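Peer 1: Pasting upload_20.txt here (compact mmCIF, N, CA and C atoms):
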```
# COMPACT_ATOMS: atom_id res chain seq x y z
N MET L 10 142.78 217.17 26.05
CA MET L 10 143.96 216.53 25.51
C MET L 10 144.95 216.29 26.65
N CYS L 11 145.51 215.12 26.71
CA CYS L 11 146.49 214.76 27.72
C CYS L 11 147.85 215.31 27.34
N GLN L 12 148.61 215.68 28.35
CA GLN L 12 149.97 216.11 28.12
C GLN L 12 150.90 215.15 28.83
N THR L 13 152.12 215.09 28.37
CA THR L 13 153.10 214.28 29.08
C THR L 13 153.87 215.17 30.05
N LEU L 14 154.31 214.59 31.14
CA LEU L 14 155.18 215.26 32.09
C LEU L 14 156.61 214.84 31.77
N ASP L 15 157.57 215.46 32.41
CA ASP L 15 158.93 214.95 32.31
C ASP L 15 158.91 213.55 32.89
N ILE L 16 159.40 212.60 32.14
CA ILE L 16 159.29 211.19 32.51
C ILE L 16 160.46 210.77 33.38
N PRO L 17 160.17 210.28 34.61
CA PRO L 17 161.26 209.72 35.42
C PRO L 17 161.81 208.47 34.72
N ASP L 18 163.06 208.16 34.99
CA ASP L 18 163.72 207.03 34.32
C ASP L 18 162.93 205.73 34.45
N PHE L 19 162.34 205.47 35.63
CA PHE L 19 161.67 204.19 35.81
C PHE L 19 160.36 204.09 35.04
N LEU L 20 159.88 205.20 34.48
CA LEU L 20 158.67 205.16 33.65
C LEU L 20 158.99 205.21 32.16
N ALA L 21 160.26 205.36 31.81
CA ALA L 21 160.63 205.57 30.42
C ALA L 21 160.19 204.44 29.50
N ASP L 22 160.18 203.21 29.97
CA ASP L 22 159.80 202.08 29.13
C ASP L 22 158.29 201.99 28.90
N ILE L 23 157.52 202.72 29.66
CA ILE L 23 156.06 202.65 29.53
C ILE L 23 155.54 203.64 28.50
N VAL L 24 156.10 204.82 28.48
CA VAL L 24 155.58 205.88 27.61
C VAL L 24 156.12 205.70 26.20
N THR L 25 155.22 205.73 25.23
CA THR L 25 155.57 205.53 23.83
C THR L 25 156.27 206.78 23.29
N PRO L 26 157.51 206.62 22.83
CA PRO L 26 158.21 207.77 22.26
C PRO L 26 157.47 208.29 21.03
N GLY L 27 157.39 209.59 20.91
CA GLY L 27 156.78 210.20 19.74
C GLY L 27 155.27 210.28 19.78
N ALA L 28 154.66 209.85 20.88
CA ALA L 28 153.20 210.02 20.98
C ALA L 28 152.96 211.53 20.98
N PRO L 29 152.18 212.02 20.06
CA PRO L 29 152.08 213.48 19.84
C PRO L 29 151.39 214.23 20.97
N GLY L 30 152.18 214.53 22.02
CA GLY L 30 151.66 215.34 23.12
C GLY L 30 150.66 214.62 24.00
N ALA L 31 150.49 213.34 23.81
CA ALA L 31 149.50 212.60 24.60
C ALA L 31 149.97 211.17 24.78
N TYR L 32 149.39 210.52 25.73
CA TYR L 32 149.68 209.11 25.96
C TYR L 32 148.80 208.26 25.04
N THR L 33 149.33 207.14 24.58
CA THR L 33 148.50 206.20 23.84
C THR L 33 147.60 205.48 24.85
N GLU L 34 146.61 204.77 24.38
CA GLU L 34 145.72 204.05 25.29
C GLU L 34 146.48 202.98 26.06
N ASN L 35 147.42 202.31 25.42
CA ASN L 35 148.24 201.33 26.14
C ASN L 35 149.08 202.00 27.21
N ASP L 36 149.65 203.18 26.89
CA ASP L 36 150.41 203.94 27.88
C ASP L 36 149.53 204.25 29.10
N ARG L 37 148.33 204.69 28.82
CA ARG L 37 147.41 205.06 29.91
C ARG L 37 147.15 203.86 30.83
N ARG L 38 146.84 202.70 30.23
CA ARG L 38 146.57 201.50 31.03
C ARG L 38 147.79 201.07 31.83
N GLU L 39 148.96 201.10 31.18
CA GLU L 39 150.18 200.70 31.87
C GLU L 39 150.53 201.65 33.01
N LEU L 40 150.32 202.94 32.80
CA LEU L 40 150.59 203.91 33.87
C LEU L 40 149.67 203.67 35.06
N ARG L 41 148.40 203.40 34.78
CA ARG L 41 147.45 203.13 35.86
C ARG L 41 147.82 201.85 36.59
N ASP L 42 148.12 200.80 35.84
CA ASP L 42 148.48 199.52 36.45
C ASP L 42 149.75 199.65 37.30
N LEU L 43 150.71 200.42 36.81
CA LEU L 43 151.94 200.63 37.58
C LEU L 43 151.66 201.39 38.85
N ALA L 44 150.83 202.42 38.77
CA ALA L 44 150.50 203.20 39.97
C ALA L 44 149.82 202.31 41.02
N VAL L 45 148.88 201.48 40.58
CA VAL L 45 148.20 200.56 41.50
C VAL L 45 149.20 199.58 42.09
N HIS L 46 150.05 199.00 41.25
CA HIS L 46 151.04 198.03 41.72
C HIS L 46 151.99 198.65 42.75
N LEU L 47 152.46 199.86 42.47
CA LEU L 47 153.38 200.51 43.41
C LEU L 47 152.69 200.89 44.72
N LEU L 48 151.43 201.27 44.65
CA LEU L 48 150.68 201.55 45.89
C LEU L 48 150.53 200.29 46.73
N VAL L 49 150.23 199.18 46.08
CA VAL L 49 150.10 197.90 46.80
C VAL L 49 151.44 197.52 47.42
N ASP L 50 152.52 197.66 46.66
CA ASP L 50 153.85 197.38 47.21
C ASP L 50 154.13 198.25 48.42
N ASN L 51 153.74 199.51 48.35
CA ASN L 51 153.96 200.42 49.47
C ASN L 51 153.18 199.96 50.71
N GLN L 52 151.95 199.50 50.50
CA GLN L 52 151.16 199.00 51.62
C GLN L 52 151.79 197.74 52.21
N ARG L 53 152.31 196.87 51.37
CA ARG L 53 152.98 195.66 51.86
C ARG L 53 154.23 196.02 52.67
N LEU L 54 154.99 196.99 52.19
CA LEU L 54 156.18 197.44 52.92
C LEU L 54 155.80 198.03 54.27
N GLN L 55 154.73 198.82 54.30
CA GLN L 55 154.26 199.38 55.57
C GLN L 55 153.87 198.27 56.54
N ARG L 56 153.16 197.27 56.04
CA ARG L 56 152.74 196.16 56.88
C ARG L 56 153.94 195.39 57.42
N ALA L 57 155.01 195.31 56.64
CA ALA L 57 156.22 194.61 57.07
C ALA L 57 157.07 195.45 58.01
N GLY L 58 156.65 196.69 58.26
CA GLY L 58 157.38 197.55 59.18
C GLY L 58 158.55 198.27 58.55
N CYS L 59 158.59 198.31 57.24
CA CYS L 59 159.69 198.99 56.54
C CYS L 59 159.37 200.48 56.41
N ALA L 60 160.43 201.26 56.30
CA ALA L 60 160.26 202.69 56.03
C ALA L 60 159.79 202.84 54.58
N THR L 61 158.73 203.60 54.38
CA THR L 61 158.15 203.70 53.03
C THR L 61 158.16 205.11 52.48
N ARG L 62 158.59 206.08 53.24
CA ARG L 62 158.51 207.48 52.80
C ARG L 62 159.24 207.70 51.48
N MET L 63 160.49 207.26 51.38
CA MET L 63 161.26 207.49 50.17
C MET L 63 160.71 206.67 48.99
N HIS L 64 160.25 205.46 49.25
CA HIS L 64 159.63 204.64 48.20
C HIS L 64 158.41 205.38 47.65
N TYR L 65 157.61 205.94 48.55
CA TYR L 65 156.42 206.66 48.12
C TYR L 65 156.79 207.89 47.31
N LEU L 66 157.72 208.68 47.83
CA LEU L 66 158.08 209.93 47.17
C LEU L 66 158.78 209.72 45.83
N LEU L 67 159.62 208.70 45.74
CA LEU L 67 160.41 208.50 44.52
C LEU L 67 159.73 207.64 43.47
N HIS L 68 158.81 206.77 43.89
CA HIS L 68 158.20 205.85 42.93
C HIS L 68 156.68 205.97 42.86
N VAL L 69 156.04 205.87 44.00
CA VAL L 69 154.57 205.84 44.01
C VAL L 69 153.98 207.16 43.54
N GLN L 70 154.41 208.26 44.15
CA GLN L 70 153.82 209.56 43.81
C GLN L 70 154.03 209.95 42.35
N PRO L 71 155.25 209.78 41.78
CA PRO L 71 155.39 210.10 40.35
C PRO L 71 154.51 209.22 39.46
N ALA L 72 154.37 207.95 39.82
CA ALA L 72 153.52 207.06 39.01
C ALA L 72 152.06 207.49 39.09
N ILE L 73 151.60 207.87 40.27
CA ILE L 73 150.22 208.35 40.41
C ILE L 73 150.03 209.65 39.64
N ASP L 74 150.99 210.57 39.76
CA ASP L 74 150.89 211.85 39.04
C ASP L 74 150.79 211.63 37.53
N HIS L 75 151.58 210.71 37.01
CA HIS L 75 151.53 210.44 35.58
C HIS L 75 150.21 209.78 35.18
N ALA L 76 149.72 208.89 36.00
CA ALA L 76 148.43 208.25 35.70
C ALA L 76 147.31 209.29 35.70
N ILE L 77 147.34 210.20 36.65
CA ILE L 77 146.33 211.26 36.69
C ILE L 77 146.45 212.16 35.48
N LYS L 78 147.69 212.51 35.12
CA LYS L 78 147.91 213.36 33.95
C LYS L 78 147.41 212.66 32.68
N ALA L 79 147.45 211.34 32.68
CA ALA L 79 146.97 210.57 31.53
C ALA L 79 145.45 210.37 31.55
N GLY L 80 144.79 210.91 32.58
CA GLY L 80 143.33 210.90 32.59
C GLY L 80 142.67 209.99 33.61
N TRP L 81 143.42 209.34 34.46
CA TRP L 81 142.83 208.47 35.48
C TRP L 81 142.50 209.28 36.73
N ASP L 82 141.57 208.78 37.50
CA ASP L 82 141.12 209.44 38.73
C ASP L 82 141.91 208.91 39.92
N ARG L 83 142.41 209.83 40.75
CA ARG L 83 143.20 209.45 41.92
C ARG L 83 142.42 208.51 42.85
N ASP L 84 141.17 208.82 43.09
CA ASP L 84 140.37 207.97 43.99
C ASP L 84 140.22 206.55 43.44
N ASP L 85 140.03 206.43 42.14
CA ASP L 85 139.91 205.10 41.53
C ASP L 85 141.21 204.31 41.64
N ILE L 86 142.33 204.99 41.47
CA ILE L 86 143.63 204.33 41.60
C ILE L 86 143.81 203.81 43.02
N HIS L 87 143.50 204.65 44.00
CA HIS L 87 143.64 204.24 45.40
C HIS L 87 142.65 203.13 45.75
N ALA L 88 141.43 203.21 45.24
CA ALA L 88 140.43 202.18 45.52
C ALA L 88 140.87 200.83 44.93
N ASP L 89 141.38 200.85 43.71
CA ASP L 89 141.86 199.61 43.09
C ASP L 89 143.04 199.04 43.85
N ALA L 90 143.93 199.91 44.31
CA ALA L 90 145.09 199.44 45.09
C ALA L 90 144.63 198.84 46.41
N ASP L 91 143.67 199.48 47.08
CA ASP L 91 143.16 198.94 48.34
C ASP L 91 142.50 197.58 48.12
N ARG L 92 141.77 197.46 47.02
CA ARG L 92 141.10 196.19 46.70
C ARG L 92 142.15 195.10 46.44
N GLU L 93 143.17 195.42 45.66
CA GLU L 93 144.21 194.45 45.36
C GLU L 93 144.99 194.06 46.62
N TYR L 94 145.27 195.03 47.47
CA TYR L 94 145.97 194.76 48.73
C TYR L 94 145.09 193.88 49.63
N GLY L 95 143.79 194.14 49.67
CA GLY L 95 142.88 193.31 50.45
C GLY L 95 142.89 191.87 49.98
N HIS L 96 142.90 191.66 48.67
CA HIS L 96 142.99 190.30 48.13
C HIS L 96 144.30 189.64 48.54
N TRP L 97 145.39 190.42 48.50
CA TRP L 97 146.69 189.89 48.90
C TRP L 97 146.67 189.49 50.37
N LEU L 98 146.04 190.31 51.22
CA LEU L 98 145.95 189.98 52.65
C LEU L 98 145.19 188.67 52.86
N ILE L 99 144.09 188.51 52.16
CA ILE L 99 143.28 187.30 52.29
C ILE L 99 144.07 186.08 51.80
N ASP L 100 144.74 186.24 50.66
CA ASP L 100 145.50 185.13 50.09
C ASP L 100 146.68 184.72 50.97
N ASN L 101 147.21 185.65 51.75
CA ASN L 101 148.40 185.39 52.56
C ASN L 101 148.11 185.37 54.05
N ALA L 102 146.87 185.18 54.41
CA ALA L 102 146.51 185.13 55.84
C ALA L 102 147.20 183.97 56.52
N GLY L 103 147.75 184.23 57.67
CA GLY L 103 148.40 183.19 58.45
C GLY L 103 149.84 182.91 58.07
N ARG L 104 150.37 183.63 57.13
CA ARG L 104 151.76 183.39 56.72
C ARG L 104 152.68 184.32 57.43
```
How does this structure look as structure tokens?
Peer 2:
Amino acid sequence: MCQTLDIPDFLADIVTPGAPGAYTENDRRELRDLAVHLLVDNQRLQRAGCATRMHYLLHVQPAIDHAIKAGWDRDDIHADADREYGHWLIDNAGR
């Protein structure tokens, strides 16, 4: 059975209020998608030479932790983010 963690403010719109001690399937998918999206954003920021430590600690890590708590695998999240970032690199080559 999945449990919810204390929800950071930026995740509040994703988690369904009143879900009985667990995430709904839509919550699970949205948490995973958000974690992947934030990881890709972090990689883009790193590539642009921006400081990413606080972005990672305040946004990426909590999103990953919630996705894992909802039943997703950390390695799969990172693999999907790497794949999406690779597509972004190819699409934006030469820019």
Peer 1: Per residue of segment 46-79 of chain L within 9 Å of segment 87-98 of chain L, which atom pair is closest and at what distance in Å (one decimal), using only C-alpha atoms, listed by chain and increasing number, as CSV?
Peer 2:
```
residue,atom,partner,partner_atom,distance
L:His46,CA,L:Ala90,CA,7.0
L:Leu47,CA,L:Ala90,CA,8.5
L:Leu48,CA,L:Ala90,CA,6.0
L:Val49,CA,L:Ala90,CA,5.5
L:Asp50,CA,L:Tyr94,CA,8.4
L:Gln52,CA,L:Tyr94,CA,7.3
L:Arg53,CA,L:Tyr94,CA,7.7
```
Peer 1: Could you work out how far atom CA of Ala102 of chain L lies from atom CA of Asp42 of chain L, giving the answer in Å with one decimal?
Peer 2: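 Atom CA of Asp42 of chain L sits 24.2 Å away from atom CA of Ala102 of chain L.
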Peer 1: One number please: atom CA of Ala44 of chain L to atom CA of Ala72 of chain L, in Å, one decimal.
Peer 2: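 About the pair atom CA of Ala44 of chain L and atom CA of Ala72 of chain L: they are 5.0 Å apart.
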Peer 1: If you measure from atom C of Leu66 of chain L to atom N of Ile99 of chain L, what distance in Å do you get, rounded to one decimal?
Peer 2: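 The value is 26.6 Å.
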Peer 1: Name the closest residue to His68 of chain L among the candidates L:Thr33, L:Asp100, L:Leu40, L:Asp84; distances are taken between atoms, counting only C-alpha atoms.
Peer 2: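 Smallest distance to His68 of chain L is found for L:Leu40.
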Peer 1: Edge lengths and centre, in Å to one decimal, as AutoDock Vina command-line options: that's what I need for the box along x, y and z that holds all listed atoms of segment 77-96 of chain L plus 4 Å on each side.
Peer 2:
```
--center_x 143.9 --center_y 201.5 --center_z 41.0 --size_x 16.0 --size_y 31.7 --size_z 26.9
```
